[in-house]
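Step one of this worksheet: look at the structure below.
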2 protein chains.
Amino acid sequence: MALLWRSGEEPGEVRPGPKPGLSVDVIVEAAIEVADSEGMAALSMRKVGERLGRTGMALYTYVPNKGELVDLMYDRVLAELPTTYDASAGWRPAVASWAEHTLAFYLRHPWVLQVSQARPVLGPNEFATLESVVSILRGTGLGPRRTRGVVALLFDFVRGAARTVTESRLAPSATGVSDEEWWRTRSHLLEEVAPGFTDQYPMVAWVESEDGGPGAADTFAIGLNVLLDGIEAAVAKG
Amino acid sequence: MALLWRSGEEPGEVRPGPKPGLSVDVIVEAAIEVADSEGMAALSMRKVGERLGRTGMALYTYVPNKGELVDLMYDRVLAELPTTYDASAGWRPAVASWAEHTLAFYLRHPWVLQVSQARPVLGPNEFATLESVVSILRGTGLGPRRTRGVVALLFDFVRGAARTVTESRLAPSATGVSDEEWWRTRSHLLEEVAPGFTDQYPMVAWVESEDGGPGAADTFAIGLNVLLDGIEAAVAKG
DNA sequence: CTGATAGCCTTATGCTGTAAGGAATTGTCC
DNA sequence: GGACAATTCCTTACAGCATAAGGCTATCAG
């Protein structure tokens with residue numbers, strides 16, 4: 001964890017031995033490139049090493065193990081997120097803006113969703129993101145307990161939405177079928193394998209009727225509004 | 001996917017060869033036991049095979065690959081969930097009951113959270129769970145699009161809450177520190193490594209002040225209420 | 001009995017993280 | 001300059017993973 005907060009130790013201390021050809025920073029950078037383009041599952045020490053013209057083992061000079069490397073990657077990409085949001089028009093649009101930025105962030109780095117959330121990595125940028133939401137929510141006047149609940153809810157919602165999008169993005173490419181095609185053939189497939197499933201699951205059939213626009217984006221917007229209304233209600237209650 | 005919907009093909013068809021010593025069902029059962037007790041990461045074909053007195057390779061006679069096995073495990077445990085909820089007192093308590101049942105379910109089988117969500121596995125029990133929530137939400141009078149949004153929001157919330165609980169449960173045991181102790185030493189640790197972090201992140205410090213009761217359970221209840229109020233607002237708007 | 005089939009095995013391939021130990025480089029001290 | 005220590009990076013090795021390939025054997029239909 002010390003590595004997370006160092007970020008530029010004093011460059012003094014001249015020490016014997018060959019000059020370091022790498023650094024924690026370039027390793028983390030290379031690892032992020034791998035994870036962004038090939039996904040978390042394809043991230044291996046060997047692959048990161050090769051990208052830097054080294055073997056996988058060379059990385060262990062700089063990073064104690066893969067887990068810590070992932071923690072460093074996580075905190076590093078979090079730096080992309082804004083640290084403040086414009087709350088001049090009230091907390092509602094600010095929260096909406098936060099949610100959209102955060103969603104886009106997860107879509108940019110889907111592997112982040114696979115990094116442990118509840119044992120927080122405790123890096124500086126993780127605190128900064130937390131700081132940014134709480135800061136917005138101070139405008140609601142809610143107390144710390146309620147605010148904690150709302151923050152958790154907001155994160156769960158955005159992360160869940162991101163997971164839905166990225167996974168539905170990956171699934172078709174894995175099977176070689178396009179996204180739309182997949183959903184179109186879905187019902188046909190099901191009718192084949194489970195004849196009369198629309199009778200067996202009438203509610204599912206109903207909820208999937210009346211196809212509303214762009215799908216995922218639409219669902220996100222609706223969920224966000226419900227959520228904001230819920231916060232408003234909590235505020236009204238005091 | 002055909003395996004998901006079979007669940008008892010006709011036992012006719014007498015075929016040559018040795019009698020099957022195993023079955024898809026006992027394999028799935030054994031795999032669930034492994035995943036429940038040792039976690040998804042520890043689930044391997046070899047381990048499931050050994051639990052049944054076979055090698056790992058023997059399973060490939062019944063199941064095409066590990067991915068399909070996981071799909072089967074997923075749909076199997078989903079059968080534990082209720083298929084209907086009492087909505088006689090209105091949709092609000094019914095949704096609350098659904099959320100609590102579902103949270104408890106995820107806590108019982110934490111590995112389920114690691115099964116892909118957005119390319120739905122499309123098993124019968126997955127549809128049944130979807131059916132149960134939508135069924136409750138019909139009582140709100142919302143249309144299909146809004147209902148879809150609310151369903152997604154509900155699942156994201158419950159899954160996120162479950163993830164938070166299970167991960168904070170696992171983390172300390174991995175490091176050998178107790179849960180409470182971990183949180184207690186948290187601030188001290190941070191003060192050491194990042195002196196004056198309470199000044200740097202005042203909002204975080206504020207939101208973590210006033211420790212409110214049992215923590216996770218409290219956060220869940222608060223979030224759920226916010227969510228229910230949000231649905232109510234959506235209903236009121238029409 | 002013969003041939004086909006299905007269950008289960010052993011073996012092998014190519015991945016993974018990482019422990020261990022050695023070679024090479026570069027500094028400080030005599 | 002030579003000795004010694006520290007450091008980077010390498011090769012090798014091990015245990016584990018999913019799973020492909022091929023072989024042995026039990027069991028059926030004919």
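Ordering of the structure tokens sets the chain letters (A, B, ...), residue numbers begin anew at 1 in every chain, and ligands are numbered from 1 in the order given.
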Residue contacts of range 7-9 of chain D (7 Å, only C-alpha atoms (C1' of nucleotides)) excluding same-chain residues fewer than 6 positions away, as a ChimeraX atom specification = /A:16-18,20,58
For the interface of chain C with chain B (cut-off 6 Å, counting only C-alpha atoms (C1' of nucleotides)), please tabulate each contacting residue of chain C alongside its nearest pair of atoms and their separation in Å to one decimal, rows sorted by chain and increasing number, as a Markdown table.
```
| residue | atom | partner | partner_atom | distance |
| --- | --- | --- | --- | --- |
| C:DT5 | C1' | B:Gly17 | CA | 5.5 |
| C:DA6 | C1' | B:Gly17 | CA | 4.5 |
| C:DG7 | C1' | B:Pro18 | CA | 5.9 |
| C:DC8 | C1' | B:Ala58 | CA | 5.8 |
```
task = Extract, using only C-alpha atoms (C1' of nucleotides), all DNA, RNA and protein residues at most 12 Å from DG17 in chain C, discarding same-chain residues fewer than 2 positions from it, and format them as a PyMOL selection string.
result = (chain A and resi 43-46+56-57+60+64-67) or (chain C and resi 15+19) or (chain D and resi 14-17)
task = Taking the chain letters and numbering used in this document, name the residues of range 28-141 of chain A that DSSP puts in alpha helix (DSSP H), as a VMD selection string.
result = chain A and resid 28 to 38 45 to 51 66 to 78 91 to 108 124 to 137
request  = For range 199-202 of chain B, please output as a list of chain:residue names all residues within 9 Å (counting only C-alpha atoms (C1' of nucleotides); exclusion window: fewer than 5 positions along the same chain).
outcome  = A:Phe127, A:Ala128, A:Leu130, A:Glu131, B:Val207
Using N, CA and C atoms, can you export the residues from the last selection as a JSON list (two decimals), in the first residue's frame?
```
[["chain", "number", "residue", "atom", "x", "y", "z"],
["A", 127, "PHE", "N", -10.02, 8.01, -2.78],
["A", 127, "PHE", "CA", -10.56, 8.99, -1.85],
["A", 127, "PHE", "C", -11.05, 10.23, -2.57],
["A", 128, "ALA", "N", -10.33, 10.61, -3.60],
["A", 128, "ALA", "CA", -10.73, 11.80, -4.34],
["A", 128, "ALA", "C", -12.09, 11.62, -5.00],
["A", 130, "LEU", "N", -14.48, 9.57, -4.02],
["A", 130, "LEU", "CA", -15.45, 9.57, -2.93],
["A", 130, "LEU", "C", -15.72, 11.01, -2.49],
["A", 131, "GLU", "N", -14.65, 11.74, -2.34],
["A", 131, "GLU", "CA", -14.75, 13.14, -1.95],
["A", 131, "GLU", "C", -15.68, 13.92, -2.89],
["B", 207, "VAL", "N", -18.26, 12.14, 6.18],
["B", 207, "VAL", "CA", -19.24, 11.09, 5.90],
["B", 207, "VAL", "C", -18.96, 9.84, 6.74]]
```
ask   = Neighbours of DA13 in chain D within 12 Å (only C-alpha atoms (C1' of nucleotides); same-chain residues fewer than 6 positions away dropped), as a list in words?
value =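 Surrounding residues, per the criterion: DT18, DA19, DA20 and DG21 of chain C.
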Residue subset to file, keeping C-alpha atoms (C1' of nucleotides), as an mmCIF file, in the first residue's frame:
```
data_model
loop_
_atom_site.group_PDB
_atom_site.id
_atom_site.type_symbol
_atom_site.label_atom_id
_atom_site.label_comp_id
_atom_site.auth_asym_id
_atom_site.auth_seq_id
_atom_site.Cartn_x
_atom_site.Cartn_y
_atom_site.Cartn_z
ATOM 1 C "C1'" DT C 18 5.903 -16.784 -8.550
ATOM 2 C "C1'" DA C 19 9.978 -19.051 -5.793
ATOM 3 C "C1'" DA C 20 15.078 -19.797 -6.330
ATOM 4 C "C1'" DG C 21 19.362 -18.964 -7.861
#
```
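The residue that comes closest to chain D, out of B:Leu3, B:Ala41, B:Val26, B:Ala96 and on the basis of only C-alpha atoms (C1' of nucleotides), is B:Ala41.
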inquiry  = List the spatial neighbours of range 138-146 of chain B as an MDAnalysis selection string - criterion: any atom at most 12 Å away, only C-alpha atoms (C1' of nucleotides), same-chain residues fewer than 5 positions off excluded.
reply    = (chainID A and resid 202:226) or (chainID B and resid 85:95 131:133 151:153 228 230:238)
message = Between CA of Val34 in chain B and CA of Thr164 in chain B, what is the distance in Å, rounded to a tenth?
response =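 Going from CA of Val34 in chain B over to CA of Thr164 in chain B covers 21.8 Å.
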